[in-house]
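*Asks:* Below is one structure. I have some questions about it.
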Amino acid sequence: MPPAPARAAPTPDAGVPDRAVRGLQSDLAAIFDAPIMQHAQWSVLVRSLDSGDLLYQRQPGKLMMPASNMKIVTLAAAAHVLGWNARFVTTLETPDPIEGGVLRGDLYVRGGGDPTLNRHDGRGPAVFSAWATALTLQGVERIEGRIIGDDRLFDDERLGNGWSWDDLQHDYAAPIGALQWNGNSVELTVHPGLTAGMPGVVRLSADAGLTVLNRTVTTPAGVPETVEYRRRPAAPVLEVWGTVPLPAAADVRPELQRHVSHLVAVVDPTRFFAQAFKHALVDHGIGVSGDAVSIRDILPSYAGGEAARRVLARTESPPLREIASVLMKVSQNLYAETVLKAMGAGTTGLGTTAAGREAVMSVMEKWGIDPLSLVMVDGSGLSRYNYVSAEALTRILERLHADPRDREPFIASLPLAGREGTVSKRMRRSRAEGNAAAKTGSLSNVRALSGFVETRDGEKLVFSILANDFALPPATVTWIADLAVEVLANFTRQQ
């Protein structure tokens with residue numbers, strides 16, 4: 001029998017962090033062990049992307065509510081299921097003839113989930129204008145029928161499981177659909193009445209499918225504004241109440257009299273889209289005799305005819321790599337939920353959240369992510385049923401950074417400390433400013449921050465910081481997480 005190979009003698013410091021790392025660990029422990037956080041839960045992990053060294057950990061495998069850090073999981077999987085160049089397609093279709101300038105039947109808008117048709121960046125109105133022009137070029141001067149929104153690529157589950165009912169009136173909890181206009185939200189404005197004691201003037205910028213109950217009261221100038229609103233969970237009713245002060249004597253211009261402006265989620269995104277498009281056609285000189293409806297409004301009476309439809313116009317969204325920038329920097333929940341359902345449609349033909357989750361978990365399995373470290377319920381992180389560990393998030397981030405196909409588009413999508421996105425006002429005048437690229441997350445009693453940062457030596461680090469179950473002001477928890485990232489940015493191995 002040949003002799004066993006000789007083993008190298010272990011060095012005295014094998015497995016023991018060097019002095020610089022021990023100092024870093026001590027600094028981070030002092031931050032996360034601060035007495036004010038004694039009732040909170042932290043899950044934290046920091047690793048060097050250059051050496052693979054584990055630099056710090058605190059309950060890295062503990063399942064935590066991630067809030068919008070769930071978008072990291074959603075986008076990472078979407079890049080591999082759909083591809084960075086994937087686009088959402090919307091088409092105008094009809095089975096009916098065009099005769100003498102008249103489309104003698106219904107015009108269908110088939111949705112592919114495009115979330116980018118918005119007023120705020122001008123893309124939505126530009127697309128509507130292009131569609132009107134395309135119809136005009138094909139001889140359509142009037143539509144003798146309805147505008148029917150066909151949203152059947154996605155299911156009719158508009159809201160996510162675990163979404164709080166008291167979020168449903170807000171634009172960040174807007175319902176999901178294969179046809180989306182202006183983020184599926186309208187503007188709520190409240191102006192004072194003519195004199196103190198009168199009701200305020202409450203308006204929605206478009207038909208949201210909501211009945212408004214106005215319980216506001218106009219007050220004298222100088223009285224604080226206290227307007228609040230909520231949507232009843234069991235009915236499409238928006239209640240608005242509170243005080244609306246009269247303007248000061250010099251503030252006579254209408255824009256100075258608008259004391260409240262909020263974005264409110266609509267009830268039915270497909271009908272909302274069809275109505276907006278109908279109005280746009282009329283504005284462009286194309287009359288429409290019928291109503292604007294969802295195809296679900298006419299089911300099951302709608303039967304067939306689909307094979308006979310021909311396409312009159314076709315529009316593609318920007319690619320996923322551009323959509324990702326809004327999804328992550330702005331933390332747009334509707335974009336994330338759309339992408340999740342699109343993954344379901346792309347893999348199974350079923351545009352459901354459940355099918356999307358299966359697609360995500362399949363990618364995670366291929367990447368070696370422990371399935372017990374991720375409980376995914378929605379794509380945005382708005383659900384309080386989501387759970388993930390700091391270990392899982394850093395592994396996903398490491399995987400994205402290691403793949404040249406993912407690294408640039410993914411990092412470009414992240415908010416940049418002190419510069420842009422949801423961290424544009426954070427970590428300013430520190431080494432983290434313009435350096436740390438990280439996704440934020442915020443829910444009641446939840447804060448999260450995960451991403452990448454370079455040290456003073458130029459060493460690239462990946463980190464995930466998740467906080468749950470705290471009772472102190474959220475701004476304090478945010479400050480603690482930012483301080484930890486600033487410590488990482490200041491770290492050096494030079495003695």
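We name chains A, B, ... following the order of the structure tokens; residues begin at 1 in each chain, and ligands are numbered from 1 as shown.
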If you count only C-alpha atoms, which residues fall within 6 Å of region 272-281 of chain A, apart from same-chain ones fewer than 6 positions away, as a list in words?
*Replies:*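 Contacts, with the query itself left out: Ala132, Gly149, Trp181 and Ala292 of chain A.
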*Asks:* Please identify the helix (DSSP H, G or I) residues within region 209-422 of chain A (assignment by DSSP from backbone atoms) and present them as number ranges by chain.
*Replies:* A: 254-257, 269-283, 295-297, 320-330, 333-348, 353-366, 371-373, 390-402, 404-413, 421-422
*Asks:* Just the selected residues (C-alpha atoms), exported as an mmCIF file, in the first residue's frame, please.
*Replies:*
data_model
loop_
_atom_site.group_PDB
_atom_site.id
_atom_site.type_symbol
_atom_site.label_atom_id
_atom_site.label_comp_id
_atom_site.auth_asym_id
_atom_site.auth_seq_id
_atom_site.Cartn_x
_atom_site.Cartn_y
_atom_site.Cartn_z
ATOM 1 C CA PRO A 254 -55.815 77.916 -8.890
ATOM 2 C CA GLU A 255 -52.574 75.941 -8.622
ATOM 3 C CA LEU A 256 -51.907 77.531 -5.240
ATOM 4 C CA GLN A 257 -55.361 76.585 -4.016
ATOM 5 C CA PRO A 269 -57.557 48.356 -15.040
ATOM 6 C CA THR A 270 -58.859 46.926 -18.323
ATOM 7 C CA ARG A 271 -61.985 49.070 -18.450
ATOM 8 C CA PHE A 272 -59.865 52.043 -17.349
ATOM 9 C CA PHE A 273 -57.503 51.418 -20.277
ATOM 10 C CA ALA A 274 -60.335 51.058 -22.797
ATOM 11 C CA GLN A 275 -61.947 54.285 -21.587
ATOM 12 C CA ALA A 276 -58.682 56.201 -21.843
ATOM 13 C CA PHE A 277 -58.115 54.916 -25.372
ATOM 14 C CA LYS A 278 -61.654 55.787 -26.424
ATOM 15 C CA HIS A 279 -61.164 59.356 -25.192
ATOM 16 C CA ALA A 280 -57.863 59.545 -27.087
ATOM 17 C CA LEU A 281 -59.518 58.395 -30.322
ATOM 18 C CA VAL A 282 -62.239 61.011 -29.976
ATOM 19 C CA ASP A 283 -59.608 63.665 -29.300
ATOM 20 C CA ILE A 295 -63.852 41.609 -22.559
ATOM 21 C CA ARG A 296 -64.725 40.113 -19.187
ATOM 22 C CA ASP A 297 -67.795 42.390 -19.138
ATOM 23 C CA LEU A 320 -36.889 44.543 -19.891
ATOM 24 C CA ARG A 321 -33.448 46.082 -19.255
ATOM 25 C CA GLU A 322 -35.080 49.552 -19.454
ATOM 26 C CA ILE A 323 -38.227 48.531 -17.606
ATOM 27 C CA ALA A 324 -35.972 47.160 -14.846
ATOM 28 C CA SER A 325 -34.655 50.636 -14.108
ATOM 29 C CA VAL A 326 -38.126 51.892 -13.131
ATOM 30 C CA LEU A 327 -38.973 48.619 -11.394
ATOM 31 C CA MET A 328 -35.931 48.891 -9.125
ATOM 32 C CA LYS A 329 -34.990 52.576 -8.831
ATOM 33 C CA VAL A 330 -38.570 53.753 -8.272
ATOM 34 C CA ASN A 333 -44.825 47.413 -7.508
ATOM 35 C CA LEU A 334 -47.068 47.147 -10.567
ATOM 36 C CA TYR A 335 -44.041 46.559 -12.805
ATOM 37 C CA ALA A 336 -42.850 43.740 -10.546
ATOM 38 C CA GLU A 337 -46.245 42.036 -10.434
ATOM 39 C CA THR A 338 -46.555 42.363 -14.206
ATOM 40 C CA VAL A 339 -43.157 40.770 -14.759
ATOM 41 C CA LEU A 340 -44.073 37.900 -12.427
ATOM 42 C CA LYS A 341 -47.296 37.120 -14.298
ATOM 43 C CA ALA A 342 -45.472 37.505 -17.620
ATOM 44 C CA MET A 343 -43.063 34.785 -16.507
ATOM 45 C CA GLY A 344 -46.041 32.549 -15.841
ATOM 46 C CA ALA A 345 -47.487 33.308 -19.280
ATOM 47 C CA GLY A 346 -44.118 32.760 -20.916
ATOM 48 C CA THR A 347 -43.492 29.358 -19.347
ATOM 49 C CA THR A 348 -46.945 27.799 -19.082
ATOM 50 C CA THR A 353 -48.924 34.748 -10.043
ATOM 51 C CA ALA A 354 -48.751 31.042 -9.151
ATOM 52 C CA ALA A 355 -47.264 30.125 -12.532
ATOM 53 C CA GLY A 356 -44.830 33.019 -12.232
ATOM 54 C CA ARG A 357 -43.714 31.817 -8.802
ATOM 55 C CA GLU A 358 -43.081 28.343 -10.200
ATOM 56 C CA ALA A 359 -40.896 29.874 -12.896
ATOM 57 C CA VAL A 360 -38.966 31.859 -10.287
ATOM 58 C CA MET A 361 -38.432 28.883 -8.014
ATOM 59 C CA SER A 362 -37.215 26.822 -10.959
ATOM 60 C CA VAL A 363 -34.499 29.408 -11.624
ATOM 61 C CA MET A 364 -33.589 29.546 -7.934
ATOM 62 C CA GLU A 365 -33.268 25.760 -7.846
ATOM 63 C CA LYS A 366 -30.889 25.834 -10.820
ATOM 64 C CA PRO A 371 -35.816 26.513 -1.292
ATOM 65 C CA LEU A 372 -36.325 26.763 2.468
ATOM 66 C CA SER A 373 -34.652 30.192 2.447
ATOM 67 C CA ALA A 390 -29.992 37.593 3.894
ATOM 68 C CA GLU A 391 -28.018 34.505 2.843
ATOM 69 C CA ALA A 392 -30.404 33.824 -0.051
ATOM 70 C CA LEU A 393 -30.393 37.440 -1.242
ATOM 71 C CA THR A 394 -26.604 37.670 -1.240
ATOM 72 C CA ARG A 395 -26.333 34.385 -3.132
ATOM 73 C CA ILE A 396 -28.702 35.706 -5.794
ATOM 74 C CA LEU A 397 -26.769 38.977 -6.014
ATOM 75 C CA GLU A 398 -23.482 37.074 -6.290
ATOM 76 C CA ARG A 399 -24.925 34.960 -9.102
ATOM 77 C CA LEU A 400 -26.021 38.064 -11.014
ATOM 78 C CA HIS A 401 -22.658 39.753 -10.517
ATOM 79 C CA ALA A 402 -20.738 36.678 -11.675
ATOM 80 C CA PRO A 404 -21.390 39.027 -17.529
ATOM 81 C CA ARG A 405 -24.793 38.890 -19.223
ATOM 82 C CA ASP A 406 -26.514 39.979 -16.025
ATOM 83 C CA ARG A 407 -23.970 42.150 -14.265
ATOM 84 C CA GLU A 408 -24.288 45.405 -16.220
ATOM 85 C CA PRO A 409 -28.070 45.530 -16.730
ATOM 86 C CA PHE A 410 -28.818 44.445 -13.179
ATOM 87 C CA ILE A 411 -26.427 46.837 -11.433
ATOM 88 C CA ALA A 412 -27.605 49.641 -13.738
ATOM 89 C CA SER A 413 -31.159 49.024 -12.479
ATOM 90 C CA GLY A 421 -33.736 56.217 -7.025
ATOM 91 C CA THR A 422 -34.980 55.402 -3.552
#
*Asks:* Which distance in Å separates CA of Thr440 (chain A) and CA of Ser424 (chain A), to one decimal?
*Replies:*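 Taking CA of Thr440 (chain A) and CA of Ser424 (chain A), their separation equals 11.1 Å.
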*Asks:* Would you return as a ChimeraX atom specification the members of region 238-349 of chain A that DSSP assigns to strand (DSSP E or B) on this structure's backbone?
*Replies:* /A:238-245,260-265,287-288,292-294,310-316
*Asks:* Return the single residue from A:Leu246, A:Val44, A:Val237, A:Ala134 that is closest to Ser450 (chain A), with distances computed using only C-alpha atoms.
*Replies:*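 Of all the options, A:Val44 lies closest to Ser450 (chain A).
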*Asks:* So how far away is CA of Arg158 (chain A) from CA of Ala86 (chain A), in Å?
*Replies:*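 Computed distance, CA of Ala86 (chain A) to CA of Arg158 (chain A), equals 23.0 Å.
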*Asks:* Could you list, as an NGL selection string, every residue within 12 Å of Gln169 (chain A), counting only C-alpha atoms and ignoring same-chain residues fewer than 6 positions away?
*Replies:* :A and (159 or 163 or 175 or 184-188 or 208-210 or 212 or 228-233 or 235-240 or 262-267)
*Asks:* As a CSV table (one decimal) with N, CA and C atoms, in the first residue's frame, please: the residues near Met64 (chain A) (cut-off 12 Å, only C-alpha atoms, same-chain neighbours under 4 positions excluded).
*Replies:*
chain,number,residue,atom,x,y,z
A,40,ALA,N,-35.6,44.4,18.1
A,40,ALA,CA,-35.8,44.1,16.7
A,40,ALA,C,-35.0,42.9,16.2
A,41,GLN,N,-35.3,42.4,15.0
A,41,GLN,CA,-34.6,41.3,14.4
A,41,GLN,C,-33.8,41.7,13.3
A,42,TRP,N,-32.6,41.3,13.2
A,42,TRP,CA,-31.7,41.6,12.0
A,42,TRP,C,-31.3,40.3,11.3
A,43,SER,N,-31.2,40.3,10.0
A,43,SER,CA,-30.6,39.3,9.3
A,43,SER,C,-29.6,40.0,8.3
A,44,VAL,N,-28.3,39.7,8.5
A,44,VAL,CA,-27.3,40.5,7.8
A,44,VAL,C,-26.2,39.6,7.3
A,59,GLN,N,-27.4,36.2,12.0
A,59,GLN,CA,-28.6,35.4,11.7
A,59,GLN,C,-28.8,35.4,10.2
A,60,PRO,N,-27.8,35.0,9.4
A,60,PRO,CA,-27.9,35.1,7.9
A,60,PRO,C,-29.0,34.2,7.3
A,69,ASN,N,-37.3,44.2,-1.3
A,69,ASN,CA,-36.1,43.4,-1.6
A,69,ASN,C,-36.5,42.2,-2.4
A,70,MET,N,-37.8,41.8,-2.3
A,70,MET,CA,-38.4,40.7,-3.1
A,70,MET,C,-38.2,41.0,-4.6
A,373,SER,N,-35.1,28.8,2.1
A,373,SER,CA,-34.7,30.2,2.4
A,373,SER,C,-35.5,31.3,1.7
A,374,LEU,N,-36.5,30.8,1.0
A,374,LEU,CA,-37.3,31.8,0.2
A,374,LEU,C,-38.8,31.4,0.2
A,375,VAL,N,-39.6,32.2,0.7
A,375,VAL,CA,-41.1,32.0,0.6
A,375,VAL,C,-41.6,33.2,-0.2
A,376,MET,N,-42.0,32.9,-1.4
A,376,MET,CA,-42.4,34.0,-2.4
A,376,MET,C,-43.9,33.9,-2.6
A,381,GLY,N,-43.1,42.4,-3.2
A,381,GLY,CA,-42.8,42.5,-1.8
A,381,GLY,C,-43.8,43.2,-1.0
A,384,ARG,N,-47.2,40.7,3.1
A,384,ARG,CA,-46.6,40.4,4.3
A,384,ARG,C,-46.4,38.9,4.5
A,385,TYR,N,-46.7,38.1,3.5
A,385,TYR,CA,-46.5,36.6,3.5
A,385,TYR,C,-45.2,36.2,2.9
A,386,ASN,N,-44.4,37.2,2.4
A,386,ASN,CA,-43.1,36.9,1.8
A,386,ASN,C,-42.1,36.7,2.9
A,387,TYR,N,-41.1,35.8,2.7
A,387,TYR,CA,-40.0,35.7,3.6
A,387,TYR,C,-38.8,35.3,2.8
A,388,VAL,N,-37.6,35.8,3.2
A,388,VAL,CA,-36.3,35.5,2.6
A,388,VAL,C,-35.2,35.8,3.6
A,389,SER,N,-34.1,35.1,3.4
A,389,SER,CA,-33.0,35.3,4.3
A,389,SER,C,-31.9,36.2,3.6
A,390,ALA,N,-31.1,36.8,4.4
A,390,ALA,CA,-30.0,37.6,3.9
A,390,ALA,C,-29.0,36.7,3.1
A,391,GLU,N,-28.9,35.5,3.6
A,391,GLU,CA,-28.0,34.5,2.8
A,391,GLU,C,-28.5,34.3,1.4
A,392,ALA,N,-29.8,34.1,1.3
A,392,ALA,CA,-30.4,33.8,-0.1
A,392,ALA,C,-30.2,35.0,-1.0
A,393,LEU,N,-30.5,36.2,-0.4
A,393,LEU,CA,-30.4,37.4,-1.2
A,393,LEU,C,-29.0,37.7,-1.7
A,441,GLY,N,-36.2,48.5,0.8
A,441,GLY,CA,-37.5,47.8,1.0
A,441,GLY,C,-38.1,48.4,2.3
A,445,ASN,N,-42.8,48.3,10.0
A,445,ASN,CA,-42.0,47.4,10.9
A,445,ASN,C,-41.0,46.6,10.1
A,446,VAL,N,-40.7,47.0,8.8
A,446,VAL,CA,-39.8,46.2,8.0
A,446,VAL,C,-38.9,47.3,7.2
A,447,ARG,N,-37.6,47.0,7.2
A,447,ARG,CA,-36.7,47.8,6.4
A,447,ARG,C,-35.7,46.9,5.8
A,448,ALA,N,-35.3,47.1,4.6
A,448,ALA,CA,-34.3,46.2,3.9
A,448,ALA,C,-33.4,47.1,3.0
A,464,SER,N,-26.5,42.2,2.4
A,464,SER,CA,-27.9,42.2,2.6
A,464,SER,C,-28.2,42.5,4.1
A,465,ILE,N,-29.0,43.5,4.3
A,465,ILE,CA,-29.4,44.0,5.6
A,465,ILE,C,-30.9,44.0,5.7
A,466,LEU,N,-31.5,43.1,6.6
A,466,LEU,CA,-32.9,43.0,6.7
A,466,LEU,C,-33.3,43.3,8.2
A,467,ALA,N,-34.2,44.1,8.4
A,467,ALA,CA,-34.7,44.4,9.8
A,467,ALA,C,-36.2,44.2,9.8
A,468,ASN,N,-36.6,43.5,10.9
A,468,ASN,CA,-38.1,43.2,11.1
A,468,ASN,C,-38.4,43.5,12.6
A,469,ASP,N,-39.6,43.6,12.9
A,469,ASP,CA,-40.2,43.6,14.3
A,469,ASP,C,-39.6,44.7,15.2
*Asks:* With distances taken over only C-alpha atoms, which of A:Ala308, A:Ala489, A:Met198, A:Thr352 is nearest to Val377 (chain A)?
*Replies:*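 That would be A:Thr352, the residue with the smallest distance to Val377 (chain A).
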